[in-house]
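*Asks:* This is structure_1.cif, which holds mmCIF, C-alpha atoms:
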```
data_final
loop_
_atom_site.group_PDB
_atom_site.id
_atom_site.type_symbol
_atom_site.label_atom_id
_atom_site.label_comp_id
_atom_site.auth_asym_id
_atom_site.auth_seq_id
_atom_site.Cartn_x
_atom_site.Cartn_y
_atom_site.Cartn_z
ATOM 1 C CA MET A 14 35.161 29.712 6.507
ATOM 2 C CA TYR A 15 33.068 28.272 9.333
ATOM 3 C CA GLY A 16 33.934 31.355 11.413
ATOM 4 C CA ALA A 17 32.514 33.563 8.662
ATOM 5 C CA ILE A 18 29.288 31.495 8.589
ATOM 6 C CA TRP A 19 28.966 31.849 12.368
ATOM 7 C CA ARG A 20 29.426 35.632 12.167
ATOM 8 C CA THR A 21 26.885 35.888 9.336
ATOM 9 C CA LEU A 22 24.158 34.191 11.370
ATOM 10 C CA PRO A 23 21.843 36.674 13.060
ATOM 11 C CA GLY A 24 20.585 36.876 16.623
ATOM 12 C CA PRO A 25 21.863 35.786 20.026
ATOM 13 C CA VAL A 26 24.023 32.723 20.612
ATOM 14 C CA TRP A 27 21.115 30.327 21.309
ATOM 15 C CA LEU A 28 19.470 31.292 18.004
ATOM 16 C CA ARG A 29 22.744 30.855 16.125
ATOM 17 C CA ILE A 30 23.209 27.400 17.618
ATOM 18 C CA ALA A 31 19.669 26.497 16.566
ATOM 19 C CA LEU A 32 20.317 27.787 13.039
ATOM 20 C CA VAL A 33 23.593 25.824 12.821
ATOM 21 C CA LEU A 34 21.736 22.657 13.822
ATOM 22 C CA VAL A 35 19.113 23.293 11.127
ATOM 23 C CA LEU A 36 21.872 23.812 8.552
ATOM 24 C CA VAL A 37 23.659 20.609 9.587
ATOM 25 C CA VAL A 38 20.463 18.568 9.345
ATOM 26 C CA ALA A 39 19.716 20.080 5.925
ATOM 27 C CA VAL A 40 23.207 19.250 4.648
ATOM 28 C CA LEU A 41 22.971 15.666 5.968
ATOM 29 C CA ALA A 42 19.565 15.233 4.315
ATOM 30 C CA VAL A 43 20.878 16.417 0.942
ATOM 31 C CA LEU A 44 23.952 14.188 1.243
ATOM 32 C CA SER A 45 22.093 11.003 2.150
ATOM 33 C CA THR A 46 19.229 11.555 -0.277
ATOM 34 C CA TRP A 47 21.089 12.587 -3.419
ATOM 35 C CA VAL A 48 24.868 12.902 -3.095
ATOM 36 C CA PHE A 49 25.797 9.598 -1.406
ATOM 37 C CA PRO A 50 23.571 7.369 -3.619
ATOM 38 C CA TRP A 51 25.126 9.014 -6.665
ATOM 39 C CA VAL A 52 28.695 8.599 -5.362
ATOM 40 C CA ASP A 53 27.912 4.971 -4.534
ATOM 41 C CA SER A 54 26.679 4.287 -8.070
ATOM 42 C CA VAL A 55 29.839 5.842 -9.520
ATOM 43 C CA ILE A 56 32.574 4.287 -7.389
ATOM 44 C CA ASN A 57 31.098 0.897 -6.644
ATOM 45 C CA ASP A 58 32.045 -1.947 -8.950
ATOM 46 C CA GLN A 59 33.036 -4.560 -6.378
ATOM 47 C CA GLN A 60 32.144 -8.110 -7.349
ATOM 48 C CA VAL A 61 30.452 -10.301 -4.791
ATOM 49 C CA THR A 62 29.544 -13.409 -6.783
ATOM 50 C CA VAL A 63 31.391 -16.584 -7.689
ATOM 51 C CA GLY A 64 32.718 -16.649 -11.242
ATOM 52 C CA ASN A 65 31.977 -12.909 -11.579
ATOM 53 C CA GLN A 66 28.766 -13.517 -13.483
ATOM 54 C CA MET B 18 41.071 34.670 7.267
ATOM 55 C CA SER B 19 44.233 33.200 5.783
ATOM 56 C CA VAL B 20 44.252 31.044 2.686
ATOM 57 C CA VAL B 21 45.889 28.259 4.705
ATOM 58 C CA GLY B 22 43.106 28.469 7.260
ATOM 59 C CA VAL B 23 40.394 28.045 4.627
ATOM 60 C CA LEU B 24 42.334 25.206 2.985
ATOM 61 C CA GLY B 25 42.638 23.465 6.349
ATOM 62 C CA GLU B 26 38.908 23.743 6.961
ATOM 63 C CA LEU B 27 38.154 22.397 3.475
ATOM 64 C CA LEU B 28 40.435 19.387 4.057
ATOM 65 C CA ILE B 29 38.791 18.649 7.398
ATOM 66 C CA THR B 30 35.409 18.940 5.682
ATOM 67 C CA ALA B 31 36.507 16.473 2.989
ATOM 68 C CA GLY B 32 37.614 13.998 5.671
ATOM 69 C CA VAL B 33 34.319 14.313 7.502
ATOM 70 C CA LEU B 34 32.424 13.792 4.217
ATOM 71 C CA VAL B 35 34.311 10.552 3.524
ATOM 72 C CA LEU B 36 33.522 9.258 7.021
ATOM 73 C CA LEU B 37 29.891 10.293 6.610
ATOM 74 C CA PHE B 38 29.722 8.432 3.296
ATOM 75 C CA LEU B 39 31.100 5.261 4.879
ATOM 76 C CA GLY B 40 28.624 5.553 7.723
ATOM 77 C CA TRP B 41 25.818 6.047 5.216
ATOM 78 C CA GLN B 42 26.883 3.097 3.053
ATOM 79 C CA LEU B 43 27.703 0.564 5.758
ATOM 80 C CA TRP B 44 24.938 1.317 8.261
ATOM 81 C CA TRP B 45 22.283 3.823 7.303
ATOM 82 C CA ASN B 46 21.658 2.686 3.708
ATOM 83 C CA ASP B 47 22.175 -0.933 4.830
ATOM 84 C CA PHE B 48 19.437 -0.486 7.425
ATOM 85 C CA ILE B 49 17.068 1.236 4.972
ATOM 86 C CA VAL B 50 17.587 -1.373 2.232
ATOM 87 C CA ALA B 51 17.067 -4.246 4.694
ATOM 88 C CA GLY B 52 13.742 -2.733 5.738
ATOM 89 C CA GLN B 53 12.679 -2.264 2.129
ATOM 90 C CA GLN B 54 13.528 -5.891 1.402
ATOM 91 C CA ARG B 55 11.338 -7.129 4.251
ATOM 92 C CA THR B 56 8.516 -4.890 3.033
ATOM 93 C CA ASP B 57 8.885 -6.176 -0.542
ATOM 94 C CA ALA B 58 8.919 -9.773 0.737
ATOM 95 C CA THR B 59 5.744 -8.974 2.654
ATOM 96 C CA GLU B 60 3.940 -7.734 -0.419
ATOM 97 C CA LEU B 61 5.063 -10.684 -2.513
ATOM 98 C CA SER B 62 3.964 -13.218 0.111
ATOM 99 C CA GLN B 63 0.608 -11.473 0.525
ATOM 100 C CA THR B 64 0.025 -11.620 -3.220
ATOM 101 C CA TRP B 65 0.624 -15.363 -3.190
ATOM 102 C CA THR B 66 -1.615 -15.887 -0.159
ATOM 103 C CA LYS B 67 -4.387 -13.967 -1.896
ATOM 104 C CA ASP B 68 -4.067 -16.270 -4.901
ATOM 105 C CA HIS B 69 -3.856 -19.416 -2.765
ATOM 106 C CA PRO B 70 -5.715 -18.788 0.505
ATOM 107 C CA VAL B 71 -4.155 -20.398 3.561
ATOM 108 C CA ALA B 72 -6.533 -22.807 5.289
ATOM 109 C CA PRO B 73 -7.394 -21.989 8.913
ATOM 110 C CA SER B 74 -4.981 -23.700 11.275
ATOM 111 C CA ASN B 75 -5.979 -27.136 12.527
ATOM 112 C CA THR B 76 -5.954 -25.960 16.143
ATOM 113 C CA ALA B 77 -8.839 -23.613 15.391
ATOM 114 C CA GLN B 78 -10.883 -26.396 13.834
ATOM 115 C CA PRO B 79 -10.224 -29.570 15.802
ATOM 116 C CA GLU B 80 -12.955 -31.442 13.936
ATOM 117 C CA GLU B 81 -10.873 -31.286 10.788
ATOM 118 C CA THR B 82 -8.121 -33.747 11.529
ATOM 119 C CA GLU B 83 -5.140 -32.747 9.469
ATOM 120 C CA LYS B 84 -3.319 -35.633 7.908
ATOM 121 C CA PRO B 85 0.487 -35.550 7.858
ATOM 122 C CA ALA B 86 0.224 -35.801 4.095
ATOM 123 C CA ASP B 87 -1.290 -32.305 4.071
ATOM 124 C CA THR B 88 1.773 -30.675 5.587
ATOM 125 C CA ALA B 89 4.569 -32.666 3.975
ATOM 126 C CA ALA B 90 3.818 -33.111 0.321
ATOM 127 C CA ASP B 91 5.930 -33.862 -2.715
ATOM 128 C CA PRO B 92 7.713 -30.636 -3.611
ATOM 129 C CA VAL B 93 6.433 -28.654 -6.557
ATOM 130 C CA VAL B 94 9.231 -27.942 -9.031
ATOM 131 C CA VAL B 95 9.645 -24.178 -9.264
ATOM 132 C CA GLU B 96 9.205 -22.788 -12.756
ATOM 133 C CA GLN B 97 12.122 -20.923 -14.328
ATOM 134 C CA ALA B 98 11.534 -17.184 -13.813
ATOM 135 C CA ASN B 99 12.465 -14.492 -16.315
ATOM 136 C CA HIS B 100 15.662 -12.559 -15.655
ATOM 137 C CA GLY B 101 15.012 -9.830 -13.100
ATOM 138 C CA ASP B 102 11.726 -11.315 -11.843
ATOM 139 C CA ASP B 103 11.082 -11.820 -8.125
ATOM 140 C CA PHE B 104 10.036 -15.440 -7.696
ATOM 141 C CA ALA B 105 10.761 -16.526 -4.112
ATOM 142 C CA ILE B 106 11.450 -15.368 -0.554
ATOM 143 C CA LEU B 107 14.302 -16.481 1.702
ATOM 144 C CA TYR B 108 13.802 -16.951 5.463
ATOM 145 C CA VAL B 109 16.646 -17.865 7.799
ATOM 146 C CA PRO B 110 15.665 -18.188 11.484
ATOM 147 C CA ARG B 111 19.349 -17.978 12.502
ATOM 148 C CA PHE B 112 19.632 -14.570 10.818
ATOM 149 C CA ALA B 113 16.379 -13.482 12.464
ATOM 150 C CA GLU B 114 18.221 -13.572 15.808
ATOM 151 C CA TYR B 115 20.056 -10.492 14.596
ATOM 152 C CA GLU B 116 17.475 -8.914 12.280
ATOM 153 C CA LYS B 117 13.925 -9.393 13.532
ATOM 154 C CA ASN B 118 11.712 -11.247 11.061
ATOM 155 C CA TYR B 119 14.562 -11.582 8.561
ATOM 156 C CA SER B 120 13.327 -12.140 5.015
ATOM 157 C CA ARG B 121 14.673 -11.297 1.560
ATOM 158 C CA VAL B 122 13.166 -11.418 -1.901
ATOM 159 C CA ILE B 123 14.891 -13.816 -4.323
ATOM 160 C CA THR B 124 15.272 -12.512 -7.870
ATOM 161 C CA GLU B 125 16.353 -14.360 -11.008
ATOM 162 C CA GLY B 126 19.889 -13.244 -11.929
ATOM 163 C CA VAL B 127 22.912 -11.943 -10.013
ATOM 164 C CA ASP B 128 23.400 -8.542 -11.686
ATOM 165 C CA HIS B 129 25.592 -6.528 -9.400
ATOM 166 C CA VAL B 130 23.856 -3.155 -9.564
ATOM 167 C CA ALA B 131 20.255 -3.905 -10.558
ATOM 168 C CA ILE B 132 19.693 -6.919 -8.287
ATOM 169 C CA LEU B 133 22.321 -7.312 -5.542
ATOM 170 C CA ASN B 134 22.881 -3.622 -4.757
ATOM 171 C CA ALA B 135 19.105 -3.253 -4.486
ATOM 172 C CA GLY B 136 19.362 -5.674 -1.549
ATOM 173 C CA ARG B 137 17.866 -8.621 -3.385
ATOM 174 C CA VAL B 138 19.122 -12.183 -3.074
ATOM 175 C CA GLY B 139 19.993 -13.298 -6.622
ATOM 176 C CA HIS B 140 19.556 -16.748 -8.141
ATOM 177 C CA TYR B 141 22.499 -17.735 -10.357
ATOM 178 C CA PRO B 142 21.200 -18.342 -13.895
ATOM 179 C CA ASP B 143 21.666 -21.923 -15.091
ATOM 180 C CA THR B 144 21.617 -23.348 -11.576
ATOM 181 C CA GLN B 145 18.663 -25.503 -10.532
ATOM 182 C CA LEU B 146 15.485 -24.548 -8.682
ATOM 183 C CA PRO B 147 13.733 -25.794 -5.526
ATOM 184 C CA GLY B 148 11.823 -29.035 -5.953
ATOM 185 C CA GLU B 149 14.232 -30.640 -8.421
ATOM 186 C CA ALA B 150 17.474 -32.528 -8.013
ATOM 187 C CA GLY B 151 20.489 -30.257 -8.248
ATOM 188 C CA ASN B 152 21.835 -27.049 -6.808
ATOM 189 C CA PHE B 153 19.734 -23.935 -6.066
ATOM 190 C CA VAL B 154 22.459 -21.281 -5.806
ATOM 191 C CA LEU B 155 21.876 -17.808 -4.379
ATOM 192 C CA ALA B 156 24.096 -14.748 -4.010
ATOM 193 C CA ALA B 157 23.781 -11.728 -1.723
ATOM 194 C CA HIS B 158 25.889 -9.003 -0.183
ATOM 195 C CA ARG B 159 27.674 -9.776 3.063
ATOM 196 C CA SER B 160 27.695 -6.194 4.349
ATOM 197 C CA ALA B 161 25.974 -2.989 3.203
ATOM 198 C CA TYR B 162 23.072 -2.998 0.689
ATOM 199 C CA GLY B 163 20.874 -4.816 3.178
ATOM 200 C CA GLY B 164 23.627 -7.372 3.894
ATOM 201 C CA GLY B 165 21.461 -10.382 3.052
ATOM 202 C CA MET B 166 24.183 -12.809 4.163
ATOM 203 C CA HIS B 167 25.723 -10.753 6.971
ATOM 204 C CA TRP B 168 25.505 -13.607 9.524
ATOM 205 C CA ILE B 169 26.268 -16.486 7.144
ATOM 206 C CA THR B 170 29.148 -17.749 9.304
ATOM 207 C CA ASP B 171 26.775 -18.053 12.287
ATOM 208 C CA PHE B 172 25.018 -21.077 10.777
ATOM 209 C CA ARG B 173 25.031 -24.204 12.917
ATOM 210 C CA LEU B 174 24.564 -27.745 11.687
ATOM 211 C CA GLY B 175 20.919 -28.467 10.936
ATOM 212 C CA ASP B 176 19.758 -24.814 10.956
ATOM 213 C CA ARG B 177 16.700 -24.392 8.754
ATOM 214 C CA ILE B 178 16.737 -22.359 5.578
ATOM 215 C CA TYR B 179 13.261 -21.715 4.135
ATOM 216 C CA VAL B 180 12.378 -20.708 0.605
ATOM 217 C CA GLU B 181 8.813 -19.533 0.000
ATOM 218 C CA THR B 182 7.262 -19.560 -3.462
ATOM 219 C CA ALA B 183 3.698 -19.207 -4.707
ATOM 220 C CA ASP B 184 3.235 -22.942 -4.040
ATOM 221 C CA GLY B 185 4.537 -23.162 -0.489
ATOM 222 C CA TRP B 186 7.638 -23.495 1.656
ATOM 223 C CA TYR B 187 10.767 -25.509 0.875
ATOM 224 C CA SER B 188 12.828 -26.347 3.934
ATOM 225 C CA TYR B 189 16.548 -27.049 3.835
ATOM 226 C CA ALA B 190 18.920 -28.078 6.628
ATOM 227 C CA PHE B 191 22.280 -26.312 6.817
ATOM 228 C CA ARG B 192 25.177 -28.713 6.330
ATOM 229 C CA ASP B 193 28.519 -26.894 6.073
ATOM 230 C CA LEU B 194 30.479 -23.793 5.153
ATOM 231 C CA GLU B 195 33.308 -23.462 2.701
ATOM 232 C CA PHE B 196 35.706 -20.620 1.926
ATOM 233 C CA VAL B 197 36.867 -20.319 -1.680
ATOM 234 C CA PRO B 198 38.336 -17.833 -4.157
ATOM 235 C CA ASP B 199 35.845 -16.133 -6.489
ATOM 236 C CA THR B 200 37.095 -18.293 -9.373
ATOM 237 C CA GLN B 201 35.797 -21.508 -7.756
ATOM 238 C CA ILE B 202 32.827 -21.869 -10.095
ATOM 239 C CA ASP B 203 32.242 -25.570 -9.381
ATOM 240 C CA VAL B 204 30.341 -24.527 -6.230
ATOM 241 C CA LEU B 205 27.600 -23.772 -8.783
ATOM 242 C CA ALA B 206 27.615 -27.343 -10.184
ATOM 243 C CA PRO B 207 24.445 -29.504 -9.779
ATOM 244 C CA VAL B 208 26.511 -31.526 -7.301
ATOM 245 C CA PRO B 209 28.631 -28.774 -5.708
ATOM 246 C CA ARG B 210 32.406 -29.245 -6.205
ATOM 247 C CA ASN B 211 31.700 -32.313 -8.385
ATOM 248 C CA GLY B 212 31.108 -30.951 -11.863
ATOM 249 C CA GLY B 213 29.673 -33.394 -14.399
ATOM 250 C CA VAL B 214 28.088 -35.685 -11.805
ATOM 251 C CA THR B 215 24.345 -36.303 -12.166
ATOM 252 C CA PRO B 216 22.577 -34.941 -9.062
ATOM 253 C CA THR B 217 20.191 -36.973 -6.921
ATOM 254 C CA ASP B 218 19.960 -34.600 -3.936
ATOM 255 C CA SER B 219 18.345 -31.194 -3.834
ATOM 256 C CA ILE B 220 20.868 -28.688 -2.466
ATOM 257 C CA ILE B 221 20.662 -24.991 -1.576
ATOM 258 C CA THR B 222 23.895 -23.019 -1.813
ATOM 259 C CA LEU B 223 24.271 -19.498 -0.425
ATOM 260 C CA THR B 224 27.236 -17.469 -1.640
ATOM 261 C CA SER B 225 28.570 -14.186 -0.296
ATOM 262 C CA CYS B 226 31.774 -12.309 0.457
ATOM 263 C CA ASN B 227 34.354 -13.079 3.094
ATOM 264 C CA PRO B 228 35.734 -11.749 5.356
ATOM 265 C CA LEU B 229 33.125 -9.324 6.611
ATOM 266 C CA TRP B 230 33.555 -5.825 5.057
ATOM 267 C CA SER B 231 35.776 -7.310 2.337
ATOM 268 C CA THR B 232 35.361 -8.936 -1.074
ATOM 269 C CA ALA B 233 38.668 -10.847 -0.977
ATOM 270 C CA GLU B 234 37.148 -14.347 -0.739
ATOM 271 C CA ARG B 235 33.790 -16.042 -1.042
ATOM 272 C CA VAL B 236 31.977 -17.859 1.726
ATOM 273 C CA ILE B 237 29.705 -20.697 0.656
ATOM 274 C CA ALA B 238 26.945 -22.249 2.804
ATOM 275 C CA TYR B 239 25.383 -25.547 1.768
ATOM 276 C CA GLY B 240 22.014 -26.916 2.841
ATOM 277 C CA VAL B 241 20.204 -30.149 1.974
ATOM 278 C CA PHE B 242 16.515 -30.270 1.030
ATOM 279 C CA ASP B 243 14.401 -31.531 3.883
ATOM 280 C CA SER B 244 10.684 -31.084 3.199
ATOM 281 C CA PHE B 245 8.042 -29.171 1.292
ATOM 282 C CA ARG B 246 4.958 -27.626 2.884
ATOM 283 C CA PRO B 247 2.159 -26.557 0.552
ATOM 284 C CA ARG B 248 0.710 -23.073 0.968
ATOM 285 C CA ALA B 249 -2.638 -24.495 2.092
ATOM 286 C CA ALA B 250 -0.889 -25.974 5.162
ATOM 287 C CA GLY B 251 0.313 -22.534 6.301
ATOM 288 C CA ALA B 252 3.781 -21.254 7.113
ATOM 289 C CA PRO B 253 6.217 -23.507 9.019
ATOM 290 C CA ALA B 254 6.087 -22.831 12.774
ATOM 291 C CA GLU B 255 9.669 -21.589 12.936
ATOM 292 C CA ILE B 256 9.041 -18.672 10.583
ATOM 293 C CA THR B 257 5.419 -17.934 11.474
ATOM 294 C CA SER B 258 6.332 -14.569 12.990
ATOM 295 C CA ALA B 259 8.375 -13.506 9.965
ATOM 296 C CA VAL B 260 5.475 -14.448 7.702
ATOM 297 C CA ALA B 261 2.900 -13.012 10.111
ATOM 298 C CA ALA B 262 4.851 -9.735 10.161
ATOM 299 C CA HIS B 263 3.474 -9.468 6.690
ATOM 300 C CA GLU B 264 -0.055 -9.075 7.969
ATOM 301 C CA GLU B 265 0.918 -6.454 10.561
ATOM 302 C CA SER B 266 2.820 -4.143 8.252
#
```
Would you put the structure from the file into C-alpha cells?
*Replies:*
Amino acid sequence: MYGAIWRTLPGPVWLRIALVLVLVVAVLAVLSTWVFPWVDSVINDQQVTVGNQ
Amino acid sequence: MSVVGVLGELLITAGVLVLLFLGWQLWWNDFIVAGQQRTDATELSQTWTKDHPVAPSNTAQPEETEKPADTAADPVVVEQANHGDDFAILYVPRFAEYEKNYSRVITEGVDHVAILNAGRVGHYPDTQLPGEAGNFVLAAHRSAYGGGMHWITDFRLGDRIYVETADGWYSYAFRDLEFVPDTQIDVLAPVPRNGGVTPTDSIITLTSCNPLWSTAERVIAYGVFDSFRPRAAGAPAEITSAVAAHEES
C-alpha cells in the first residue's frame, strides 16, 4: 500500500520525500481539525464531577 | 502486493492513528484549549475593567494616600448567574508556575460537554457564591481539555486562590486536600462534609479527577476566604502579571 504510493509519486527521490512530507502534514491537519474532535465527541462520556451532576 | 501485506499495513496505520489521537487529546488539544481559556479570561476581565476603570496605582500618584480601607473592603456578594453564563475568572499562582499566567473562566453549571470539555471551570449549581457564607464549589478537568486542575495536588498550605468578578478580586487561602469517591456529595455542602450545618465561613472548593490521567477518584481542594479587593484598587500583586497579560494580548 505505502510502497504503491511511493512508486506513484513522480520525480527524483528528494522530490518524492518532499511530497511525502506534504502528504503527511495534510493528513495530520485533517485529523486534528476534523476527525479527532469528532471522535472525541463520540467516545467521550467520562464523568469528572462529584455526584455526577 | 499480497493481501496479508496490505492488511498488515492497515493494522499498523490503525495503531498509529490511535496513538496520534491520544497525543492530540492529551497534549495538543489540551494546549490549544488552555490558550483559548486564557484568551477568553482576558476578554472577560477587559470588559469588566472597561465598565469599572481601575484607578492609577498609588505609587504613580504619591499625593493620593491610599487608605487600607480602599484595598480590603467588605466583599460584594456575587449575583447568581444564569446557567451557562461566564461570571468569574480563576487565578492560581501555584498553577502559574507550570502554565504561565494561568487563568480560567468560571461558568455557571458543570455540564460535561458544553462547559467542562470546553476547558471552562464550572460552578456547581446550588452551591454558594463568593462574598457569602457557604461553599463556592468548582469543577474542572484534571488532564486534557485545558486541564484546569492539572496541578491541584501541588497546593501548599496558605497558597492563594483568586476569583475575579466584575466587582473585584476574592482571595482564598488553600487549607487542605481530600481524596473521595465520586459519590461523596457532601463535599458540596455549605459546610463541606457537614451537611445540614449552617455555614459561617466562606469556603472555596475545587474538585477534579484523581489520579492524573484517570477518573477513578475525585480530588478535593479546600480554601478559606481571606479578603476582598475592589476593582478600583487594582489586581492583587501576586496575579498582576496574569491580569496584565490581558493588556498585552
*Asks:* Run the PyMOL selection byres ((chain B and resi 62-69) around 10) on the file and write out the hits as number ranges by chain.
*Replies:* B: 56-61, 70-72, 105-106, 122, 181-185, 247-249, 251, 260-261, 263-264
*Asks:* May I have the residues of chain A within 12 Å of chain B, counting only C-alpha atoms, written as JSON, numbers by chain?
*Replies:* {"A": [14, 15, 16, 17, 40, 41, 42, 44, 45, 46, 47, 48, 49, 50, 51, 52, 53, 54, 55, 56, 57, 58, 59, 60, 61, 62, 63, 64, 65, 66]}
*Asks:* Could you write out as a list in words the residues that the PyMOL selection byres ((chain B and resi 91) around 9) matches in the shown file?
*Replies:*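 Going through the file, the PyMOL selection byres ((chain B and resi 91) around 9) ends up selecting Ala89, Ala90, Pro92, Val93, Gly148, Ser244, Phe245, Arg246 and Pro247 of chain B.
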*Asks:* Generate a file of the selected residues that holds C-alpha atoms, formatted as a JSON list (two decimals), keeping the file's coordinate frame.
*Replies:*
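Output saved as out08.json:
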```json
[["chain", "number", "residue", "atom", "x", "y", "z"],
["B", 89, "ALA", "CA", 4.57, -32.67, 3.98],
["B", 90, "ALA", "CA", 3.82, -33.11, 0.32],
["B", 92, "PRO", "CA", 7.71, -30.64, -3.61],
["B", 93, "VAL", "CA", 6.43, -28.65, -6.56],
["B", 148, "GLY", "CA", 11.82, -29.04, -5.95],
["B", 244, "SER", "CA", 10.68, -31.08, 3.20],
["B", 245, "PHE", "CA", 8.04, -29.17, 1.29],
["B", 246, "ARG", "CA", 4.96, -27.63, 2.88],
["B", 247, "PRO", "CA", 2.16, -26.56, 0.55]]
```
*Asks:* Between atom CA of Tyr189 of chain B and atom CA of Glu96 of chain B, measure the distance and give it in Å to one decimal.
*Replies:*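 Result for atom CA of Tyr189 of chain B versus atom CA of Glu96 of chain B: 18.6 Å, one decimal.
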*Asks:* Do you have the atom CA of Glu255 of chain B-atom CA of Val109 of chain B distance handy?
*Replies:*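 If I compute the distance from atom CA of Glu255 of chain B to atom CA of Val109 of chain B, I get 9.4 Å.
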*Asks:* My list of candidates is B:Ala161, B:Val33, B:Pro110, B:Val214. Which is closest to Ser188 of chain B when distances are computed with all atoms listed in the file?
*Replies:*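 Answer, going by the shortest atom-to-atom distance: B:Pro110.
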*Asks:* Separation of atom CA of Gln145 of chain B and atom CA of His100 of chain B, in Å?
*Replies:*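 Distance between the two atoms: 14.2 Å.
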*Asks:* At a cut-off of 7 Å around the point (17.0, -19.1, 3.5) (file coordinates), what residues fall inside when counting all atoms listed in the file? I'd like the answer as a VMD selection string.
*Replies:* chain B and resid 107 to 109 178 to 180
*Asks:* Please list as a VMD selection string every residue within 12 Å of Asp171 of chain B, counting all atoms listed in the file and excluding residues in the same chain fewer than 5 positions away.
*Replies:* chain B and resid 109 to 115 166 176 191 193 to 194 236 238
*Asks:* Just checking: using only C-alpha atoms, which residue out of B:Thr124, B:Gly213, B:Asp103, B:Gly240 ends up closest to Arg173 of chain B?
*Replies:*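 Answer, going by the shortest atom-to-atom distance: B:Gly240.
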*Asks:* Might I get the box with edges along x, y and z of the file that holds all atoms of segment 14-32 of chain A listed there, padded by 6 Å on every side, given as centre and edge lengths in Å to one decimal, as lines of an AutoDock Vina configuration file?
*Replies:*
```
center_x = 27.3
center_y = 31.7
center_z = 13.9
size_x = 27.7
size_y = 22.4
size_z = 26.8
```
*Asks:* Residues near Arg29 of chain A, anyone? I mean within 8 Å using all atoms listed in the file, not counting same-chain ones fewer than 6 positions away, as a VMD selection string.
*Replies:* chain A and resid 19 22 to 23
*Asks:* Generate the missing atoms of segment 54-65 of chain A up to N, CA and C atoms and report them as a JSON list (two decimals), in the coordinates of the input.
*Replies:*
```json
[["chain", "number", "residue", "atom", "x", "y", "z"],
["A", 54, "SER", "N", 26.89, 4.88, -6.75],
["A", 54, "SER", "CA", 26.68, 4.29, -8.07],
["A", 54, "SER", "C", 27.89, 4.50, -8.97],
["A", 55, "VAL", "N", 28.68, 5.54, -8.69],
["A", 55, "VAL", "CA", 29.84, 5.84, -9.52],
["A", 55, "VAL", "C", 31.06, 5.00, -9.12],
["A", 56, "ILE", "N", 31.32, 4.92, -7.81],
["A", 56, "ILE", "CA", 32.57, 4.29, -7.39],
["A", 56, "ILE", "C", 32.45, 2.79, -7.17],
["A", 57, "ASN", "N", 31.21, 2.28, -7.10],
["A", 57, "ASN", "CA", 31.10, 0.90, -6.64],
["A", 57, "ASN", "C", 31.03, -0.10, -7.78],
["A", 58, "ASP", "N", 32.10, -0.87, -7.97],
["A", 58, "ASP", "CA", 32.04, -1.95, -8.95],
["A", 58, "ASP", "C", 32.61, -3.23, -8.34],
["A", 59, "GLN", "N", 32.52, -3.35, -7.02],
["A", 59, "GLN", "CA", 33.04, -4.56, -6.38],
["A", 59, "GLN", "C", 32.18, -5.77, -6.76],
["A", 60, "GLN", "N", 32.84, -6.88, -7.00],
["A", 60, "GLN", "CA", 32.14, -8.11, -7.35],
["A", 60, "GLN", "C", 31.91, -8.93, -6.10],
["A", 61, "VAL", "N", 30.75, -9.52, -5.99],
["A", 61, "VAL", "CA", 30.45, -10.30, -4.79],
["A", 61, "VAL", "C", 30.05, -11.74, -5.12],
["A", 62, "THR", "N", 30.01, -12.08, -6.41],
["A", 62, "THR", "CA", 29.54, -13.41, -6.78],
["A", 62, "THR", "C", 30.72, -14.35, -7.05],
["A", 63, "VAL", "N", 30.39, -15.61, -7.30],
["A", 63, "VAL", "CA", 31.39, -16.58, -7.69],
["A", 63, "VAL", "C", 31.41, -16.63, -9.21],
["A", 64, "GLY", "N", 32.61, -16.60, -9.79],
["A", 64, "GLY", "CA", 32.72, -16.65, -11.24],
["A", 64, "GLY", "C", 32.44, -15.31, -11.90],
["A", 65, "ASN", "N", 32.23, -14.27, -11.07],
["A", 65, "ASN", "CA", 31.98, -12.91, -11.58],
["A", 65, "ASN", "C", 30.95, -12.87, -12.70]]
```
